[in-house]
Amino acid sequence: MNQLENHWQKQTGFAVVFIDLDRFKPLNDEYGHAIGDTVLQVIGERLKALESVQVAARFGGDEFAILIEEQIELQMLETILAEVHRTIVSEIDIDIARVSVGASLGYALAFEDAASLSELLHAADTAMMRCKGSDLKIAKFDRAIDCATLGSEAMEELFRTALLAGNIKGALQPIVSGQTRDIVGYELLARWENSGLPRDPSPMEFIVL
């Protein structure tokens, strides 16, 4: 986290990648926790040894996170991530067998996909969860697809940006008397226009009651 904060303060581009191991629990159940721990250690060492990886960390369980300085084209970054994926899923020699695990990688780009470090981590995690729930091996955070799963902090950041851009508009809705059908007042409503999302958020989503 200290490394991430330092990179964020430098305002230089980088990517955060969340990695979740697939088929790790069955391996753990079959061979025992000692072998499972060995597999985690080997994968951690493999990640640290990759020249393209600046920082590698185990976040807990069978999840890892890595930092890659993103001073390159997106296509090249995805080539690097494909190498990361191959490195993780390559077979591991242990005392009693050769084993392997799968991996789901989700990543997000600093300053492009997030307006804060915490939002960046959430974005990478969200992309990883989408990857894990599909046939993908690697997934980039996509605001149009993933925004529905963003937490309140991410929504707050998006709302602040929209407010500064003038995309939060007021709308007057007349209140009509049921007896006389006369307009007896107006209700002032908020509308989020041009959000860039698949649908513009409703007031229930961006106004906390």
# chains A, B, ... in the order shown; residues from 1 in each chain; ligands from 1

call {"tool": "closest_atom_pairs", "arguments": {"of": "stretch 138-191 of chain A", "to": "stretch 15-34 of chain A", "cutoff": "12 Å", "atoms": "only C-alpha atoms", "output": "tab-separated table"}}
result
residue	atom	partner	partner_atom	distance
A:Ile138	CA	A:Ile19	CA	9.3
A:Ala139	CA	A:Val17	CA	9.6
A:Lys140	CA	A:Val17	CA	9.0
A:Phe141	CA	A:Val17	CA	10.1

call {"tool": "select_by_dssp", "arguments": {"residues": "stretch 2-209 of chain A", "states": "strand (DSSP E or B)", "output": "ChimeraX atom specification"}}
result
/A:14-22,55-60,63-69,92-93,98-99,102-109,138-140,168-176,183-192

call {"tool": "select_by_dssp", "arguments": {"residues": "stretch 52-191 of chain A", "states": "alpha helix (DSSP H)", "output": "count of residues only"}}
result
49

call {"tool": "decode", "arguments": {"residues": "stretch 63-90 of chain A", "atoms": "N, CA, C and O atoms", "output": "PDB file, in the first residue's frame"}}
result
ATOM      1  N   GLU A  63      -5.513 -14.642  -3.070  1.00  0.00           N
ATOM      2  CA  GLU A  63      -5.548 -13.418  -3.873  1.00  0.00           C
ATOM      3  C   GLU A  63      -4.219 -12.671  -3.779  1.00  0.00           C
ATOM      4  O   GLU A  63      -3.646 -12.523  -2.692  1.00  0.00           O
ATOM      5  N   PHE A  64      -3.769 -12.194  -4.928  1.00  0.00           N
ATOM      6  CA  PHE A  64      -2.547 -11.404  -5.017  1.00  0.00           C
ATOM      7  C   PHE A  64      -2.872 -10.073  -5.714  1.00  0.00           C
ATOM      8  O   PHE A  64      -3.897  -9.940  -6.386  1.00  0.00           O
ATOM      9  N   ALA A  65      -1.966  -9.124  -5.555  1.00  0.00           N
ATOM     10  CA  ALA A  65      -2.069  -7.861  -6.288  1.00  0.00           C
ATOM     11  C   ALA A  65      -0.677  -7.480  -6.760  1.00  0.00           C
ATOM     12  O   ALA A  65       0.315  -7.719  -6.058  1.00  0.00           O
ATOM     13  N   ILE A  66      -0.589  -6.931  -7.948  1.00  0.00           N
ATOM     14  CA  ILE A  66       0.693  -6.468  -8.469  1.00  0.00           C
ATOM     15  C   ILE A  66       0.541  -5.064  -9.024  1.00  0.00           C
ATOM     16  O   ILE A  66      -0.555  -4.617  -9.377  1.00  0.00           O
ATOM     17  N   LEU A  67       1.665  -4.351  -9.078  1.00  0.00           N
ATOM     18  CA  LEU A  67       1.712  -3.005  -9.637  1.00  0.00           C
ATOM     19  C   LEU A  67       2.618  -3.033 -10.852  1.00  0.00           C
ATOM     20  O   LEU A  67       3.724  -3.564 -10.797  1.00  0.00           O
ATOM     21  N   ILE A  68       2.136  -2.480 -11.945  1.00  0.00           N
ATOM     22  CA  ILE A  68       2.917  -2.385 -13.175  1.00  0.00           C
ATOM     23  C   ILE A  68       2.922  -0.926 -13.611  1.00  0.00           C
ATOM     24  O   ILE A  68       1.860  -0.311 -13.737  1.00  0.00           O
ATOM     25  N   GLU A  69       4.111  -0.380 -13.828  1.00  0.00           N
ATOM     26  CA  GLU A  69       4.193   1.000 -14.310  1.00  0.00           C
ATOM     27  C   GLU A  69       3.671   1.047 -15.733  1.00  0.00           C
ATOM     28  O   GLU A  69       4.212   0.408 -16.621  1.00  0.00           O
ATOM     29  N   GLU A  70       2.609   1.816 -15.919  1.00  0.00           N
ATOM     30  CA  GLU A  70       1.877   1.799 -17.190  1.00  0.00           C
ATOM     31  C   GLU A  70       2.326   2.992 -18.033  1.00  0.00           C
ATOM     32  O   GLU A  70       1.633   3.993 -18.163  1.00  0.00           O
ATOM     33  N   GLN A  71       3.550   2.883 -18.571  1.00  0.00           N
ATOM     34  CA  GLN A  71       4.071   3.916 -19.454  1.00  0.00           C
ATOM     35  C   GLN A  71       4.071   3.421 -20.896  1.00  0.00           C
ATOM     36  O   GLN A  71       4.858   3.864 -21.722  1.00  0.00           O
ATOM     37  N   ILE A  72       3.217   2.475 -21.180  1.00  0.00           N
ATOM     38  CA  ILE A  72       3.223   1.791 -22.469  1.00  0.00           C
ATOM     39  C   ILE A  72       1.821   1.766 -23.053  1.00  0.00           C
ATOM     40  O   ILE A  72       0.853   2.127 -22.391  1.00  0.00           O
ATOM     41  N   GLU A  73       1.717   1.330 -24.291  1.00  0.00           N
ATOM     42  CA  GLU A  73       0.415   1.208 -24.925  1.00  0.00           C
ATOM     43  C   GLU A  73      -0.381   0.088 -24.260  1.00  0.00           C
ATOM     44  O   GLU A  73       0.180  -0.876 -23.733  1.00  0.00           O
ATOM     45  N   LEU A  74      -1.689   0.223 -24.312  1.00  0.00           N
ATOM     46  CA  LEU A  74      -2.562  -0.747 -23.659  1.00  0.00           C
ATOM     47  C   LEU A  74      -2.331  -2.144 -24.209  1.00  0.00           C
ATOM     48  O   LEU A  74      -2.337  -3.129 -23.464  1.00  0.00           O
ATOM     49  N   GLN A  75      -2.079  -2.251 -25.511  1.00  0.00           N
ATOM     50  CA  GLN A  75      -1.856  -3.565 -26.114  1.00  0.00           C
ATOM     51  C   GLN A  75      -0.611  -4.216 -25.524  1.00  0.00           C
ATOM     52  O   GLN A  75      -0.588  -5.425 -25.257  1.00  0.00           O
ATOM     53  N   MET A  76       0.444  -3.430 -25.308  1.00  0.00           N
ATOM     54  CA  MET A  76       1.662  -3.964 -24.711  1.00  0.00           C
ATOM     55  C   MET A  76       1.420  -4.377 -23.264  1.00  0.00           C
ATOM     56  O   MET A  76       1.938  -5.405 -22.799  1.00  0.00           O
ATOM     57  N   LEU A  77       0.612  -3.590 -22.547  1.00  0.00           N
ATOM     58  CA  LEU A  77       0.286  -3.936 -21.165  1.00  0.00           C
ATOM     59  C   LEU A  77      -0.440  -5.276 -21.118  1.00  0.00           C
ATOM     60  O   LEU A  77      -0.148  -6.126 -20.264  1.00  0.00           O
ATOM     61  N   GLU A  78      -1.354  -5.489 -22.032  1.00  0.00           N
ATOM     62  CA  GLU A  78      -2.086  -6.755 -22.052  1.00  0.00           C
ATOM     63  C   GLU A  78      -1.174  -7.917 -22.434  1.00  0.00           C
ATOM     64  O   GLU A  78      -1.376  -9.046 -21.979  1.00  0.00           O
ATOM     65  N   THR A  79      -0.157  -7.647 -23.254  1.00  0.00           N
ATOM     66  CA  THR A  79       0.842  -8.677 -23.559  1.00  0.00           C
ATOM     67  C   THR A  79       1.605  -9.055 -22.294  1.00  0.00           C
ATOM     68  O   THR A  79       1.865 -10.238 -22.031  1.00  0.00           O
ATOM     69  N   ILE A  80       1.949  -8.046 -21.494  1.00  0.00           N
ATOM     70  CA  ILE A  80       2.637  -8.299 -20.223  1.00  0.00           C
ATOM     71  C   ILE A  80       1.744  -9.104 -19.286  1.00  0.00           C
ATOM     72  O   ILE A  80       2.197 -10.051 -18.640  1.00  0.00           O
ATOM     73  N   LEU A  81       0.466  -8.759 -19.239  1.00  0.00           N
ATOM     74  CA  LEU A  81      -0.449  -9.471 -18.343  1.00  0.00           C
ATOM     75  C   LEU A  81      -0.672 -10.904 -18.811  1.00  0.00           C
ATOM     76  O   LEU A  81      -0.881 -11.799 -17.984  1.00  0.00           O
ATOM     77  N   ALA A  82      -0.626 -11.119 -20.114  1.00  0.00           N
ATOM     78  CA  ALA A  82      -0.725 -12.498 -20.621  1.00  0.00           C
ATOM     79  C   ALA A  82       0.479 -13.307 -20.143  1.00  0.00           C
ATOM     80  O   ALA A  82       0.356 -14.490 -19.795  1.00  0.00           O
ATOM     81  N   GLU A  83       1.655 -12.667 -20.102  1.00  0.00           N
ATOM     82  CA  GLU A  83       2.850 -13.339 -19.583  1.00  0.00           C
ATOM     83  C   GLU A  83       2.690 -13.631 -18.094  1.00  0.00           C
ATOM     84  O   GLU A  83       3.071 -14.704 -17.618  1.00  0.00           O
ATOM     85  N   VAL A  84       2.120 -12.669 -17.361  1.00  0.00           N
ATOM     86  CA  VAL A  84       1.868 -12.880 -15.930  1.00  0.00           C
ATOM     87  C   VAL A  84       0.953 -14.079 -15.732  1.00  0.00           C
ATOM     88  O   VAL A  84       1.198 -14.942 -14.876  1.00  0.00           O
ATOM     89  N   HIS A  85      -0.095 -14.154 -16.539  1.00  0.00           N
ATOM     90  CA  HIS A  85      -1.044 -15.259 -16.428  1.00  0.00           C
ATOM     91  C   HIS A  85      -0.353 -16.598 -16.702  1.00  0.00           C
ATOM     92  O   HIS A  85      -0.536 -17.561 -15.950  1.00  0.00           O
ATOM     93  N   ARG A  86       0.459 -16.660 -17.767  1.00  0.00           N
ATOM     94  CA  ARG A  86       1.164 -17.908 -18.092  1.00  0.00           C
ATOM     95  C   ARG A  86       2.107 -18.316 -16.958  1.00  0.00           C
ATOM     96  O   ARG A  86       2.229 -19.501 -16.633  1.00  0.00           O
ATOM     97  N   THR A  87       2.747 -17.326 -16.359  1.00  0.00           N
ATOM     98  CA  THR A  87       3.670 -17.601 -15.264  1.00  0.00           C
ATOM     99  C   THR A  87       2.949 -18.225 -14.078  1.00  0.00           C
ATOM    100  O   THR A  87       3.451 -19.159 -13.445  1.00  0.00           O
ATOM    101  N   ILE A  88       1.755 -17.730 -13.790  1.00  0.00           N
ATOM    102  CA  ILE A  88       1.002 -18.227 -12.634  1.00  0.00           C
ATOM    103  C   ILE A  88       0.512 -19.653 -12.860  1.00  0.00           C
ATOM    104  O   ILE A  88       0.593 -20.501 -11.974  1.00  0.00           O
ATOM    105  N   VAL A  89      -0.012 -19.921 -14.060  1.00  0.00           N
ATOM    106  CA  VAL A  89      -0.682 -21.204 -14.299  1.00  0.00           C
ATOM    107  C   VAL A  89       0.275 -22.319 -14.705  1.00  0.00           C
ATOM    108  O   VAL A  89      -0.148 -23.470 -14.852  1.00  0.00           O
ATOM    109  N   SER A  90       1.549 -21.994 -14.903  1.00  0.00           N
ATOM    110  CA  SER A  90       2.516 -23.039 -15.235  1.00  0.00           C
ATOM    111  C   SER A  90       2.599 -24.051 -14.100  1.00  0.00           C
ATOM    112  O   SER A  90       2.474 -23.706 -12.924  1.00  0.00           O
TER     113      SER A  90
END
